[in-house]
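Text of entry_9.csv, listed as CSV, C-alpha atoms:
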```csv
chain,number,residue,atom,x,y,z
A,1,MET,CA,-29.3,8.6,-7.1
A,2,ILE,CA,-26.4,10.8,-6.2
A,3,ASP,CA,-26.4,14.5,-7.3
A,4,LYS,CA,-24.3,14.8,-10.5
A,5,GLU,CA,-22.5,17.9,-9.2
A,6,ILE,CA,-21.3,16.0,-6.1
A,7,GLU,CA,-20.2,13.1,-8.4
A,8,TYR,CA,-18.2,15.6,-10.4
A,9,ILE,CA,-16.7,17.2,-7.3
A,10,ILE,CA,-15.6,13.8,-6.0
A,11,GLU,CA,-14.1,12.9,-9.4
A,12,ALA,CA,-12.2,16.2,-9.4
A,13,LEU,CA,-10.9,15.5,-5.9
A,14,LEU,CA,-9.8,12.0,-6.9
A,15,PHE,CA,-7.9,13.5,-9.8
A,16,ALA,CA,-6.3,16.3,-7.8
A,17,THR,CA,-5.1,14.4,-4.7
A,18,PRO,CA,-1.9,12.4,-4.7
A,19,GLU,CA,-3.0,10.3,-1.7
A,20,PRO,CA,-6.1,8.2,-1.1
A,21,LEU,CA,-9.3,10.1,-0.7
A,22,THR,CA,-11.1,9.1,2.6
A,23,GLN,CA,-14.4,9.9,4.1
A,24,ASN,CA,-12.7,11.9,6.8
A,25,LYS,CA,-11.2,14.2,4.1
A,26,ILE,CA,-14.7,14.5,2.5
A,27,ASN,CA,-16.2,15.5,5.8
A,28,LEU,CA,-13.6,18.3,6.1
A,29,ILE,CA,-14.1,19.5,2.5
A,30,PHE,CA,-17.9,19.7,2.5
A,31,GLU,CA,-19.1,22.4,5.0
A,32,SER,CA,-22.5,20.8,5.6
A,33,ASP,CA,-24.1,17.5,4.7
A,34,PRO,CA,-21.0,15.7,3.3
A,35,PRO,CA,-21.8,12.8,0.8
A,36,VAL,CA,-21.1,9.2,1.7
A,37,LEU,CA,-17.9,8.6,-0.2
A,38,SER,CA,-18.4,4.9,-0.9
A,39,ASP,CA,-21.8,5.6,-2.5
A,40,VAL,CA,-20.3,8.2,-4.8
A,41,ILE,CA,-17.4,5.9,-5.6
A,42,ASN,CA,-19.8,3.1,-6.5
A,43,GLN,CA,-21.7,5.4,-8.8
A,44,LEU,CA,-18.5,6.6,-10.5
A,45,CYS,CA,-17.2,3.0,-10.9
A,46,GLU,CA,-20.5,2.1,-12.6
A,47,ARG,CA,-20.1,5.0,-15.0
A,48,TYR,CA,-16.5,4.2,-15.8
A,49,GLN,CA,-17.3,0.6,-16.4
A,50,HIS,CA,-20.3,1.4,-18.6
A,51,GLU,CA,-18.4,4.1,-20.6
A,52,GLY,CA,-15.1,2.3,-20.8
A,53,HIS,CA,-12.7,5.0,-19.4
A,54,GLY,CA,-8.9,4.8,-19.4
A,55,VAL,CA,-8.9,5.2,-15.6
A,56,LEU,CA,-10.5,3.4,-12.8
A,57,ILE,CA,-11.0,3.9,-9.0
A,58,THR,CA,-9.3,1.5,-6.6
A,59,ALA,CA,-9.6,1.1,-2.9
A,60,VAL,CA,-6.1,1.8,-1.4
A,61,ALA,CA,-5.0,2.4,2.2
A,62,ALA,CA,-8.6,2.8,3.6
A,63,GLY,CA,-9.4,5.4,0.9
A,64,TYR,CA,-9.8,5.6,-2.9
A,65,GLN,CA,-7.5,6.6,-5.7
A,66,LEU,CA,-8.0,7.3,-9.4
A,67,VAL,CA,-5.5,5.2,-11.3
A,68,THR,CA,-4.9,4.3,-14.9
A,69,ARG,CA,-5.9,1.0,-16.3
A,70,PRO,CA,-3.1,-1.5,-16.3
A,71,ASP,CA,-3.6,-2.0,-20.0
A,72,TYR,CA,-2.2,1.4,-20.7
A,73,ASP,CA,1.0,1.2,-18.5
A,74,LEU,CA,3.3,0.9,-21.5
A,75,TYR,CA,2.0,4.2,-22.9
A,76,ILE,CA,2.3,6.0,-19.6
A,77,LYS,CA,5.9,4.7,-19.2
A,78,ARG,CA,6.7,6.0,-22.6
A,79,LEU,CA,5.2,9.4,-21.8
A,80,LEU,CA,7.1,9.7,-18.5
A,81,ASN,CA,10.2,7.9,-19.9
A,82,LYS,CA,10.7,5.9,-16.8
A,83,SER,CA,9.2,3.0,-14.9
A,84,GLY,CA,7.0,5.2,-12.6
A,85,ARG,CA,7.6,3.0,-9.6
A,86,LEU,CA,9.7,3.4,-6.6
A,87,MET,CA,12.5,0.9,-6.9
A,88,LEU,CA,13.5,-1.1,-3.9
A,89,SER,CA,16.6,-3.3,-3.5
A,90,PRO,CA,16.3,-7.0,-2.8
A,91,ALA,CA,17.5,-6.2,0.8
A,92,ALA,CA,14.8,-3.6,1.2
A,93,LEU,CA,12.1,-5.9,-0.2
A,94,GLU,CA,13.2,-8.7,2.2
A,95,THR,CA,13.2,-6.3,5.1
A,96,ILE,CA,9.8,-4.7,4.3
A,97,ALA,CA,8.3,-8.2,3.9
A,98,ILE,CA,9.5,-9.2,7.3
A,99,VAL,CA,8.1,-6.0,8.9
A,100,ALA,CA,4.8,-6.4,7.0
A,101,TYR,CA,4.2,-10.0,8.2
A,102,LYS,CA,5.5,-9.8,11.7
A,103,GLN,CA,4.9,-6.2,12.8
A,104,PRO,CA,5.5,-4.5,15.1
A,105,LEU,CA,9.0,-5.8,15.6
A,106,ASN,CA,12.4,-4.4,16.4
A,107,ARG,CA,15.6,-4.2,14.4
A,108,TYR,CA,17.2,-7.2,16.2
A,109,GLU,CA,14.2,-9.4,15.3
A,110,ILE,CA,14.5,-8.4,11.7
A,111,GLU,CA,18.2,-9.1,11.7
A,112,SER,CA,17.6,-12.5,13.2
A,113,VAL,CA,15.4,-13.4,10.2
A,114,ARG,CA,17.6,-11.8,7.6
A,115,GLY,CA,20.9,-12.8,9.2
A,116,VAL,CA,22.6,-9.5,8.4
A,117,ASP,CA,22.7,-5.9,9.7
A,118,CYS,CA,19.7,-4.0,8.4
A,119,SER,CA,20.1,-0.6,9.9
A,120,GLY,CA,20.9,1.1,6.5
A,121,VAL,CA,17.9,-0.6,4.9
A,122,LEU,CA,15.6,0.5,7.8
A,123,LYS,CA,16.8,4.1,7.3
A,124,THR,CA,16.0,3.9,3.6
A,125,LEU,CA,12.5,2.5,4.3
A,126,LEU,CA,11.9,5.1,6.9
A,127,SER,CA,13.0,7.9,4.6
A,128,ARG,CA,10.7,6.7,1.9
A,129,ASN,CA,7.8,6.5,4.4
A,130,LEU,CA,7.2,2.8,3.8
A,131,ILE,CA,7.7,2.0,7.5
A,132,LYS,CA,7.4,4.0,10.7
A,133,VAL,CA,8.4,3.8,14.3
A,134,LYS,CA,5.5,2.3,16.1
A,135,GLY,CA,6.9,2.6,19.7
A,136,ARG,CA,9.4,1.0,21.9
A,137,ASP,CA,9.8,-2.7,22.8
A,138,GLU,CA,9.7,-3.7,26.5
A,139,GLY,CA,13.0,-5.6,26.2
A,140,VAL,CA,16.5,-4.7,27.1
A,141,GLY,CA,17.5,-1.2,25.8
A,142,ARG,CA,13.9,-0.6,24.8
A,143,PRO,CA,14.6,-0.8,21.0
A,144,LEU,CA,12.3,0.9,18.5
A,145,LEU,CA,9.5,-1.1,17.0
A,146,TYR,CA,8.7,-0.8,13.3
A,147,ALA,CA,5.5,-1.2,11.4
A,148,THR,CA,4.3,-0.5,7.8
A,149,THR,CA,2.6,2.8,6.8
A,150,ASP,CA,-0.3,3.7,4.5
A,151,LYS,CA,2.3,4.5,1.8
A,152,PHE,CA,3.3,0.9,2.0
A,153,LEU,CA,-0.3,-0.1,1.3
A,154,GLU,CA,-0.4,2.4,-1.6
A,155,TYR,CA,3.0,1.2,-3.1
A,156,PHE,CA,1.9,-2.4,-3.1
A,157,GLY,CA,-1.7,-1.7,-4.1
A,158,LEU,CA,-3.3,-3.0,-0.9
A,159,ASN,CA,-6.4,-1.8,0.8
A,160,ARG,CA,-5.3,-3.3,4.1
A,161,LEU,CA,-2.7,-5.6,5.5
A,162,ALA,CA,-5.1,-8.6,5.5
A,163,ASP,CA,-5.0,-8.4,1.6
A,164,MET,CA,-1.4,-9.6,1.6
A,165,PRO,CA,-0.9,-13.2,0.5
A,166,LYS,CA,-1.1,-15.6,3.4
A,167,LEU,CA,2.1,-17.6,4.2
A,168,ARG,CA,0.1,-20.8,3.5
A,169,GLU,CA,-0.5,-19.5,-0.1
A,170,ILE,CA,3.1,-18.7,-0.5
A,171,GLU,CA,4.1,-22.2,0.7
A,172,GLU,CA,1.8,-23.7,-1.9
A,173,LEU,CA,3.2,-21.6,-4.7
A,174,THR,CA,6.8,-22.4,-3.7
A,175,ALA,CA,6.3,-26.1,-2.7
A,176,ALA,CA,8.3,-27.3,-5.7
A,177,ASP,CA,11.4,-25.2,-4.7
A,178,ASP,CA,13.2,-26.7,-1.7
A,179,ASN,CA,15.2,-23.4,-1.0
A,180,SER,CA,12.1,-21.3,-0.8
A,181,GLN,CA,10.6,-23.4,2.0
A,182,GLU,CA,13.5,-22.2,4.2
A,183,GLN,CA,12.6,-18.6,3.4
A,184,VAL,CA,8.9,-19.2,4.3
A,185,ASP,CA,9.9,-20.9,7.6
A,186,ALA,CA,11.7,-17.7,8.7
A,187,PHE,CA,8.4,-15.9,8.9
A,188,GLU,CA,6.7,-18.4,11.1
```

structure tokens encoding of this file:
Amino acid sequence: MIDKEIEYIIEALLFATPEPLTQNKINLIFESDPPVLSDVINQLCERYQHEGHGVLITAVAAGYQLVTRPDYDLYIKRLLNKSGRLMLSPAALETIAIVAYKQPLNRYEIESVRGVDCSGVLKTLLSRNLIKVKGRDEGVGRPLLYATTDKFLEYFGLNRLADMPKLREIEELTAADDNSQEQVDAFE
């Protein structure tokens, strides 16, 4: 059984931090004998489930975050008087999907899939910290390579990239729509 005080401390840290809480951060916070974060999280999740709280803990970007239950989104939106989500244009969504599935890749590879210039969209995604420069390609001119960030994982509610839907799953969902098959083929 985990010490209740440690459980309360971890709960307070989850509440206070805007980014996912990781074991590395816990190791820095506790001066000696840091608790195993996953054990404390499991204990907290059991308590939240048993007591029926309005919040839950979710695994995001290799850490944990305290989030509100989806059942109460409407009330939170009313409180904040906005959607509460970062809005992305269709072009930005297309571009980030290409980066997520084919990373790391350069701007020219992205443009060959999209068929249009994407330099402005890349700047937007970089400024919102959803993608990052991963290095340089070995090709002519050594163009920059782009990859997704932990904030991308947070934004889309993913713990890791492997949690994204597989292209095969998307193909099955869109099998009835002939135009969507052309979009799926672009990723392969």

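Pairwise distance (atom CA of Leu153 of chain A, atom CA of Ile9 of chain A) equals 25.3 Å.
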
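The gap separating atom CA of Lys132 of chain A from atom CA of Glu109 of chain A is 15.7 Å, in Å to one decimal.
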
As lines of an AutoDock Vina configuration file, what would the box around segment 110-115 of chain A look like: edges along x, y and z, 4 Å added on every side, centre and edge lengths in Å to one decimal?
```
center_x = 17.7
center_y = -10.9
center_z = 10.4
size_x = 14.4
size_y = 13.0
size_z = 13.6
```

Q) Which one is closest to Asp137 of chain A: A:Gly157, A:Gly115, A:Pro70, A:Pro104? Count all atoms listed in the file. A) A:Pro104

Q. So which residues touch Lys25 of chain A within 12 Å, counting all atoms listed in the file, skipping near sequence neighbours fewer than 5 positions away, as an NGL selection string?
A. :A and (10 or 13-14 or 17 or 19-20 or 30-31 or 34-37 or 62-64)

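Atom pair atom CA of Ile57 of chain A / atom CA of Lys166 of chain A: separated by 25.1 Å.
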
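Here the question is which of A:Gly54, A:Gly120, A:Glu111, A:Ser38 gets nearest to Asn24 of chain A using only C-alpha atoms, and that residue is A:Ser38.
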
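Closest to Tyr155 of chain A among A:Leu88, A:Ile98, A:Leu126, A:Leu56 is A:Leu88, based on all atoms listed in the file.
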
Q: Considering all atoms listed in the file, return as number ranges by chain whatever protein or nucleic-acid residues lie within 10 Å of Ala147 of chain A, sequence-local ones (same chain, fewer than 6 positions apart) excluded.
A: A: 96, 98-106, 130-135

Q) A:Asn159, A:Arg128, A:Glu7, A:Lys151: which is nearest Glu46 of chain A, counting all atoms listed in the file? A) A:Glu7

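Remark: for Phe156 of chain A, the closest of the candidate residues A:Val60, A:Ile76, A:Glu138, A:Lys4 is A:Val60 (distances computed over all atoms listed in the file).
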
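Considering the residues A:Glu94, A:Asp163, A:Glu5, A:Asp33 and counting all atoms listed in the file, Ala59 of chain A has its shortest atom-to-atom contact with A:Asp163.
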
Q.
So that I can check the surroundings of Arg47 of chain A, please list as a ChimeraX atom specification every protein, DNA and RNA residue that reaches within 12 Å of it, counting all atoms listed in the file and ignoring chain neighbours fewer than 3 positions away.
A. /A:4,7-8,11,40-44,50-53,55-57
